[in-house]
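Taking it in order: structure first as structure tokens, then the write-up.
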Amino acid sequence: MKPLSLYFHLPFCLSRCSYCSFCSQTDLGLTEPYVRALVREIRAVGRRLKNHRVITVYFGGGTPSLVGAERIALLLAEVKNAFCCDGQMEISLECNPATVGEGNASQFVQAGVNRFSVGLQSAEDTTLKLLGRAHTSVDFTDTVRALRRAGAVNISADLIIGLPSETGETLVKSADFALKTGVTHLSAYGLSVEEGTKLYQSGYRVDEDLCADGYRMLVEYLKARGFMRYEISNFSLPGKECRHNQSYWNLTDYYGFGASAHSLLSRRRFFHSDDVSGYIASPFALVSEEKLSAEEEEQELLMLGLRTESGVSVSELKSRFGCDFMQKYGERARALAPYLIIDGDRVRFSDEGFYLSNALLARLL
Ligand code: SF4
């Protein structure tokens, strides 16, 4: 059976952050009909994908913890009824501080969630306020403590690189604040200031040089504390990597349920519109669908795989796409030394190569 990862987009938030360009909205009255639409989609898709075995489930958003543990339990029960599921499924839930506490942390654990991703973004309360986040740094600590008391052992903190008034020092301070709560994983994505967001309208723009300096400091700080970088934006203690994200980077088949969710099944890529009401009315409507060629998939695997610490396997490229890496890319790859390393079966970036990954990928592909 083919491995399959499932993503659920739950687009509900307490308020709208100033940098948000995701599919999210604050009308919590739509939660119930939205979950009913998800159930319809699960049942229909489960009937079609009988040759797949679900290895990971990820509830993202939005603020998935807002929909409540009962509805998460219901969705998981529907998944187990509709799909063949691995006994060791990783089940992740994104949550924002102040939406999970003593009351519901154990309910989420009992519902089957075994990995939590908590959005800290920054440990500076003035920055959180400026971003319109509906929590403080203390709320983050309380949430992680509540989750740990409930028995959760896989907890990730999310940070953003490039926030207003952030420096390398404050970024590391935020990471330090998160690690002191006992999290086992940390994600740090660069801020993208999209047109139409309040932050864009304020005139704020990211300083790429400052971000690069901050990122370097963060990598050094995390390395010294045993957090290995296993992908350019993701760090974990050994064995605590996010298997769901690894599925994306390996191009394992994945199906996305809900508004704006993307899917990739046997080279067929498709996605739903980000119109939440439209999704409720018609959970099977797709806005776009394309079939990737073997060449496109091969390039995608190289692009995603090279952002991971272990890089890409040359023999896998051969067996999946019939691609002879050395024949096709060898000359350009050798010219990228010492930033790109060819080490037996693996092609990967060196430490310095990671800092230049976008430019190097553009030259390689
Ligand atoms: S919590 Fe996330 S999804 Fe919700 S408004 Fe803020 S940035 Fe957007």
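Ordering of the structure tokens sets the chain letters (A, B, ...); residue numbers start at 1 within each chain; ligands are numbered from 1 in the order shown.
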Problem - Protein and nucleic residues near ligand 1, 10 Å, only C-alpha atoms and all ligand atoms, as JSON, numbers by chain - result: {"A": [10, 11, 12, 13, 14, 15, 16, 17, 18, 19, 20, 21, 22, 23, 24, 25, 26, 60, 61, 62, 63, 64, 94, 95, 96, 97, 119, 121, 131, 132, 133, 134, 135]}
Practice task
Would you mind listing what lies within 12 Å of Gln107 (chain A) as an MDAnalysis selection string, with only C-alpha atoms counted and same-chain residues fewer than 6 positions away left out?
Solution key: chainID A and resid 65 68:73 100:101 113:114 146:147 149:152
Between region 191-280 of chain A and region 40-51 of chain A, at 12 Å or less, what are the per-residue closest atom pairs and their distances in Å? Count only C-alpha atoms, order by chain and rising residue number, and return it as a tab-separated table.
residue	atom	partner	partner_atom	distance
A:Asp253	CA	A:Leu49	CA	10.8
A:Tyr254	CA	A:Leu49	CA	11.0
A:Tyr255	CA	A:Val45	CA	8.9
A:Gly256	CA	A:Ile42	CA	10.0
A:Phe257	CA	A:Glu41	CA	7.1
A:Gly258	CA	A:Glu41	CA	8.3
A:Ala259	CA	A:Glu41	CA	11.3
A:Ser263	CA	A:Val45	CA	11.7
A:Leu265	CA	A:Leu49	CA	9.8
A:Ser266	CA	A:Leu49	CA	11.3
A:His272	CA	A:Glu41	CA	11.6
A:Tyr279	CA	A:Glu41	CA	10.2
A:Ile280	CA	A:Arg40	CA	9.9
Would you mind exporting the chosen residues as a PDB file, in the first residue's frame, restricted to C-alpha atoms?
ATOM      1  CA  ASP A 253       1.281  11.334  -1.749  1.00  0.00           C
ATOM      2  CA  TYR A 254      -0.737  13.774   0.359  1.00  0.00           C
ATOM      3  CA  TYR A 255      -4.349  14.861   0.378  1.00  0.00           C
ATOM      4  CA  GLY A 256      -5.509  18.234   1.715  1.00  0.00           C
ATOM      5  CA  PHE A 257      -9.035  18.609   3.096  1.00  0.00           C
ATOM      6  CA  GLY A 258     -10.765  21.972   3.410  1.00  0.00           C
ATOM      7  CA  ALA A 259     -10.602  25.467   1.968  1.00  0.00           C
ATOM      8  CA  SER A 263      -3.090  17.729  -2.688  1.00  0.00           C
ATOM      9  CA  LEU A 265      -1.609  12.182  -5.661  1.00  0.00           C
ATOM     10  CA  SER A 266       0.379  10.155  -8.178  1.00  0.00           C
ATOM     11  CA  HIS A 272      -9.552  23.865  -3.205  1.00  0.00           C
ATOM     12  CA  TYR A 279     -16.137  25.038   0.520  1.00  0.00           C
ATOM     13  CA  ILE A 280     -19.017  24.435   2.929  1.00  0.00           C
TER      14      ILE A 280
END
Practice task
Return as a VMD selection string the full set of residues in region 38-123 of chain A whose backbone-based DSSP assignment is helix (DSSP H, G or I).
Solution key: chain A and resid 38 to 48 64 to 67 69 to 82 102 to 111
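The residue set within 12 Å of Leu218 (chain A), counting only C-alpha atoms and dropping same-chain residues fewer than 6 places from it, reads A:Leu159, A:Ile160, A:Ile161, A:Thr167, A:Gly168, A:Glu169, A:Thr170, A:Leu171, A:Val172, A:Lys173, A:Ser174, A:Ala175, A:Asp176, A:Leu186, A:Ser187, A:Ala188, A:Tyr189, A:Cys211, A:Ala212, A:Ala224, A:Arg225, A:Phe227, A:Met228, A:Arg229, A:Ile232, A:Ser233, A:Asn234, A:Phe235.
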How would the residues just picked look written out with N, CA and C atoms as an mmCIF file, in the first residue's frame?
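part_18.cif written:
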data_model
loop_
_atom_site.group_PDB
_atom_site.id
_atom_site.type_symbol
_atom_site.label_atom_id
_atom_site.label_comp_id
_atom_site.auth_asym_id
_atom_site.auth_seq_id
_atom_site.Cartn_x
_atom_site.Cartn_y
_atom_site.Cartn_z
ATOM 1 N N LEU A 159 8.563 30.045 15.388
ATOM 2 C CA LEU A 159 9.071 31.424 15.451
ATOM 3 C C LEU A 159 9.049 32.009 14.050
ATOM 4 N N ILE A 160 9.073 33.336 13.976
ATOM 5 C CA ILE A 160 9.160 34.001 12.672
ATOM 6 C C ILE A 160 10.449 34.817 12.632
ATOM 7 N N ILE A 161 11.161 34.685 11.509
ATOM 8 C CA ILE A 161 12.383 35.478 11.311
ATOM 9 C C ILE A 161 12.044 36.687 10.431
ATOM 10 N N THR A 167 16.057 41.464 16.164
ATOM 11 C CA THR A 167 17.493 41.384 15.862
ATOM 12 C C THR A 167 17.912 39.928 16.074
ATOM 13 N N GLY A 168 19.143 39.611 15.713
ATOM 14 C CA GLY A 168 19.626 38.260 15.968
ATOM 15 C C GLY A 168 19.510 37.921 17.448
ATOM 16 N N GLU A 169 19.806 38.927 18.291
ATOM 17 C CA GLU A 169 19.771 38.688 19.754
ATOM 18 C C GLU A 169 18.342 38.391 20.222
ATOM 19 N N THR A 170 17.365 39.165 19.745
ATOM 20 C CA THR A 170 15.987 38.923 20.223
ATOM 21 C C THR A 170 15.446 37.608 19.647
ATOM 22 N N LEU A 171 15.897 37.253 18.431
ATOM 23 C CA LEU A 171 15.468 35.975 17.851
ATOM 24 C C LEU A 171 15.981 34.817 18.712
ATOM 25 N N VAL A 172 17.247 34.870 19.069
ATOM 26 C CA VAL A 172 17.825 33.816 19.909
ATOM 27 C C VAL A 172 17.161 33.814 21.287
ATOM 28 N N LYS A 173 16.843 35.015 21.778
ATOM 29 C CA LYS A 173 16.163 35.102 23.080
ATOM 30 C C LYS A 173 14.791 34.410 23.020
ATOM 31 N N SER A 174 14.118 34.587 21.888
ATOM 32 C CA SER A 174 12.813 33.923 21.721
ATOM 33 C C SER A 174 12.983 32.410 21.669
ATOM 34 N N ALA A 175 14.025 31.951 20.954
ATOM 35 C CA ALA A 175 14.273 30.502 20.882
ATOM 36 C C ALA A 175 14.597 29.964 22.274
ATOM 37 N N ASP A 176 15.402 30.713 23.018
ATOM 38 C CA ASP A 176 15.790 30.309 24.362
ATOM 39 C C ASP A 176 14.553 30.221 25.271
ATOM 40 N N LEU A 186 11.602 22.965 16.866
ATOM 41 C CA LEU A 186 11.406 24.388 16.636
ATOM 42 C C LEU A 186 11.395 24.663 15.127
ATOM 43 N N SER A 187 10.400 25.413 14.689
ATOM 44 C CA SER A 187 10.351 25.849 13.285
ATOM 45 C C SER A 187 10.559 27.346 13.253
ATOM 46 N N ALA A 188 11.325 27.818 12.278
ATOM 47 C CA ALA A 188 11.558 29.264 12.160
ATOM 48 C C ALA A 188 11.500 29.628 10.681
ATOM 49 N N TYR A 189 10.360 30.184 10.292
ATOM 50 C CA TYR A 189 10.176 30.554 8.884
ATOM 51 C C TYR A 189 10.374 32.048 8.723
ATOM 52 N N CYS A 211 17.952 39.332 8.457
ATOM 53 C CA CYS A 211 17.392 37.981 8.613
ATOM 54 C C CYS A 211 18.488 36.932 8.503
ATOM 55 N N ALA A 212 19.378 37.100 7.523
ATOM 56 C CA ALA A 212 20.452 36.116 7.333
ATOM 57 C C ALA A 212 21.339 36.064 8.578
ATOM 58 N N ALA A 224 24.079 24.147 19.521
ATOM 59 C CA ALA A 224 24.736 24.000 20.818
ATOM 60 C C ALA A 224 23.813 23.354 21.855
ATOM 61 N N ARG A 225 22.520 23.375 21.586
ATOM 62 C CA ARG A 225 21.573 22.751 22.531
ATOM 63 C C ARG A 225 21.034 21.416 22.033
ATOM 64 N N PHE A 227 19.741 20.681 19.128
ATOM 65 C CA PHE A 227 18.663 20.719 18.132
ATOM 66 C C PHE A 227 19.298 20.711 16.741
ATOM 67 N N MET A 228 19.125 19.594 16.038
ATOM 68 C CA MET A 228 19.742 19.517 14.713
ATOM 69 C C MET A 228 18.823 20.138 13.673
ATOM 70 N N ARG A 229 19.441 20.799 12.722
ATOM 71 C CA ARG A 229 18.664 21.339 11.601
ATOM 72 C C ARG A 229 18.445 20.183 10.641
ATOM 73 N N ILE A 232 15.841 23.332 6.244
ATOM 74 C CA ILE A 232 16.350 24.693 6.379
ATOM 75 C C ILE A 232 15.637 25.507 7.476
ATOM 76 N N SER A 233 14.343 25.260 7.685
ATOM 77 C CA SER A 233 13.587 26.030 8.676
ATOM 78 C C SER A 233 13.163 25.209 9.884
ATOM 79 N N ASN A 234 13.634 23.962 9.958
ATOM 80 C CA ASN A 234 13.141 23.076 11.010
ATOM 81 C C ASN A 234 14.277 22.414 11.782
ATOM 82 N N PHE A 235 14.141 22.418 13.097
ATOM 83 C CA PHE A 235 15.183 21.955 14.015
ATOM 84 C C PHE A 235 14.523 21.038 15.048
#
Problem - Within 10 Å of Arg320 (chain A) using only C-alpha atoms, minus same-chain residues under 6 positions, as a ChimeraX atom specification - result: /A:294,297-298
Would you pick out the contacts of Leu264 (chain A) at 10 Å or less, using only C-alpha atoms, so that residues sharing its chain but fewer than 4 positions from it are not included, and give the list as an mmCIF file with N, CA and C atoms, in the first residue's frame?
data_model
loop_
_atom_site.group_PDB
_atom_site.id
_atom_site.type_symbol
_atom_site.label_atom_id
_atom_site.label_comp_id
_atom_site.auth_asym_id
_atom_site.auth_seq_id
_atom_site.Cartn_x
_atom_site.Cartn_y
_atom_site.Cartn_z
ATOM 1 N N LEU A 4 0.388 7.618 2.667
ATOM 2 C CA LEU A 4 -0.411 8.823 2.395
ATOM 3 C C LEU A 4 -0.398 9.715 3.629
ATOM 4 N N SER A 5 -0.250 11.020 3.404
ATOM 5 C CA SER A 5 -0.365 11.989 4.505
ATOM 6 C C SER A 5 -1.617 12.820 4.284
ATOM 7 N N TYR A 248 6.051 15.763 2.772
ATOM 8 C CA TYR A 248 6.015 16.780 1.701
ATOM 9 C C TYR A 248 7.357 16.820 0.973
ATOM 10 N N LEU A 251 7.986 14.039 -1.401
ATOM 11 C CA LEU A 251 6.923 13.891 -2.397
ATOM 12 C C LEU A 251 6.120 12.610 -2.185
ATOM 13 N N THR A 252 5.888 12.246 -0.935
ATOM 14 C CA THR A 252 4.930 11.185 -0.629
ATOM 15 C C THR A 252 3.550 11.728 -0.996
ATOM 16 N N ASP A 253 2.641 10.864 -1.430
ATOM 17 C CA ASP A 253 1.281 11.334 -1.749
ATOM 18 C C ASP A 253 0.659 12.013 -0.527
ATOM 19 N N TYR A 254 0.001 13.139 -0.739
ATOM 20 C CA TYR A 254 -0.737 13.774 0.359
ATOM 21 C C TYR A 254 -2.050 14.329 -0.157
ATOM 22 N N TYR A 255 -3.030 14.323 0.733
ATOM 23 C CA TYR A 255 -4.349 14.861 0.378
ATOM 24 C C TYR A 255 -4.711 15.957 1.370
ATOM 25 N N GLY A 256 -5.141 17.107 0.851
ATOM 26 C CA GLY A 256 -5.509 18.234 1.715
ATOM 27 C C GLY A 256 -7.009 18.446 1.730
ATOM 28 N N ARG A 268 -0.623 14.006 -9.654
ATOM 29 C CA ARG A 268 -1.742 14.918 -9.933
ATOM 30 C C ARG A 268 -1.803 15.921 -8.793
ATOM 31 N N ARG A 269 -1.693 17.207 -9.131
ATOM 32 C CA ARG A 269 -1.718 18.248 -8.095
ATOM 33 C C ARG A 269 -3.010 19.047 -8.248
ATOM 34 N N PHE A 270 -3.699 19.269 -7.125
ATOM 35 C CA PHE A 270 -4.950 20.021 -7.208
ATOM 36 C C PHE A 270 -5.200 20.726 -5.883
ATOM 37 N N PHE A 271 -6.054 21.756 -5.923
ATOM 38 C CA PHE A 271 -6.377 22.418 -4.652
ATOM 39 C C PHE A 271 -7.751 23.051 -4.651
ATOM 40 N N GLU A 289 -6.161 22.027 -11.241
ATOM 41 C CA GLU A 289 -5.695 20.644 -11.274
ATOM 42 C C GLU A 289 -4.648 20.537 -12.373
ATOM 43 N N GLU A 290 -3.546 19.903 -12.093
ATOM 44 C CA GLU A 290 -2.537 19.726 -13.148
ATOM 45 C C GLU A 290 -1.827 18.390 -12.941
ATOM 46 N N LYS A 291 -1.333 17.858 -14.026
ATOM 47 C CA LYS A 291 -0.566 16.608 -13.942
ATOM 48 C C LYS A 291 0.901 16.964 -14.137
ATOM 49 N N LEU A 292 1.711 16.658 -13.136
ATOM 50 C CA LEU A 292 3.146 16.966 -13.246
ATOM 51 C C LEU A 292 3.807 15.944 -14.165
#
Picked from region 252-303 of chain A by DSSP as strand (DSSP E or B), as a PDB file with N, CA and C atoms, in the first residue's frame:
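For reference, part_36.pdb as written:
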ATOM      1  N   ASP A 253       2.641  10.864  -1.430  1.00  0.00           N
ATOM      2  CA  ASP A 253       1.281  11.334  -1.749  1.00  0.00           C
ATOM      3  C   ASP A 253       0.659  12.013  -0.527  1.00  0.00           C
ATOM      4  N   TYR A 254       0.001  13.139  -0.739  1.00  0.00           N
ATOM      5  CA  TYR A 254      -0.737  13.774   0.359  1.00  0.00           C
ATOM      6  C   TYR A 254      -2.050  14.329  -0.157  1.00  0.00           C
ATOM      7  N   TYR A 255      -3.030  14.323   0.733  1.00  0.00           N
ATOM      8  CA  TYR A 255      -4.349  14.861   0.378  1.00  0.00           C
ATOM      9  C   TYR A 255      -4.711  15.957   1.370  1.00  0.00           C
ATOM     10  N   GLY A 256      -5.141  17.107   0.851  1.00  0.00           N
ATOM     11  CA  GLY A 256      -5.509  18.234   1.715  1.00  0.00           C
ATOM     12  C   GLY A 256      -7.009  18.446   1.730  1.00  0.00           C
ATOM     13  N   PHE A 257      -7.600  18.392   2.926  1.00  0.00           N
ATOM     14  CA  PHE A 257      -9.035  18.609   3.096  1.00  0.00           C
ATOM     15  C   PHE A 257      -9.285  20.064   3.505  1.00  0.00           C
ATOM     16  N   HIS A 262      -4.100  21.931  -0.456  1.00  0.00           N
ATOM     17  CA  HIS A 262      -3.486  21.380  -1.675  1.00  0.00           C
ATOM     18  C   HIS A 262      -3.320  19.867  -1.544  1.00  0.00           C
ATOM     19  N   SER A 263      -3.313  19.181  -2.685  1.00  0.00           N
ATOM     20  CA  SER A 263      -3.090  17.729  -2.688  1.00  0.00           C
ATOM     21  C   SER A 263      -2.107  17.359  -3.789  1.00  0.00           C
ATOM     22  N   LEU A 264      -1.432  16.239  -3.575  1.00  0.00           N
ATOM     23  CA  LEU A 264      -0.566  15.672  -4.619  1.00  0.00           C
ATOM     24  C   LEU A 264      -0.736  14.162  -4.573  1.00  0.00           C
ATOM     25  N   LEU A 265      -1.352  13.621  -5.612  1.00  0.00           N
ATOM     26  CA  LEU A 265      -1.609  12.182  -5.661  1.00  0.00           C
ATOM     27  C   LEU A 265      -1.119  11.640  -6.990  1.00  0.00           C
ATOM     28  N   ARG A 268      -0.623  14.006  -9.654  1.00  0.00           N
ATOM     29  CA  ARG A 268      -1.742  14.918  -9.933  1.00  0.00           C
ATOM     30  C   ARG A 268      -1.803  15.921  -8.793  1.00  0.00           C
ATOM     31  N   ARG A 269      -1.693  17.207  -9.131  1.00  0.00           N
ATOM     32  CA  ARG A 269      -1.718  18.248  -8.095  1.00  0.00           C
ATOM     33  C   ARG A 269      -3.010  19.047  -8.248  1.00  0.00           C
ATOM     34  N   PHE A 270      -3.699  19.269  -7.125  1.00  0.00           N
ATOM     35  CA  PHE A 270      -4.950  20.021  -7.208  1.00  0.00           C
ATOM     36  C   PHE A 270      -5.200  20.726  -5.883  1.00  0.00           C
ATOM     37  N   PHE A 271      -6.054  21.756  -5.923  1.00  0.00           N
ATOM     38  CA  PHE A 271      -6.377  22.418  -4.652  1.00  0.00           C
ATOM     39  C   PHE A 271      -7.751  23.051  -4.651  1.00  0.00           C
ATOM     40  N   SER A 288      -8.109  24.202  -9.266  1.00  0.00           N
ATOM     41  CA  SER A 288      -7.027  23.983 -10.215  1.00  0.00           C
ATOM     42  C   SER A 288      -6.559  22.542 -10.122  1.00  0.00           C
ATOM     43  N   GLU A 289      -6.161  22.027 -11.241  1.00  0.00           N
ATOM     44  CA  GLU A 289      -5.695  20.644 -11.274  1.00  0.00           C
ATOM     45  C   GLU A 289      -4.648  20.537 -12.373  1.00  0.00           C
ATOM     46  N   GLU A 290      -3.546  19.903 -12.093  1.00  0.00           N
ATOM     47  CA  GLU A 290      -2.537  19.726 -13.148  1.00  0.00           C
ATOM     48  C   GLU A 290      -1.827  18.390 -12.941  1.00  0.00           C
ATOM     49  N   LYS A 291      -1.333  17.858 -14.026  1.00  0.00           N
ATOM     50  CA  LYS A 291      -0.566  16.608 -13.942  1.00  0.00           C
ATOM     51  C   LYS A 291       0.901  16.964 -14.137  1.00  0.00           C
TER      52      LYS A 291
END
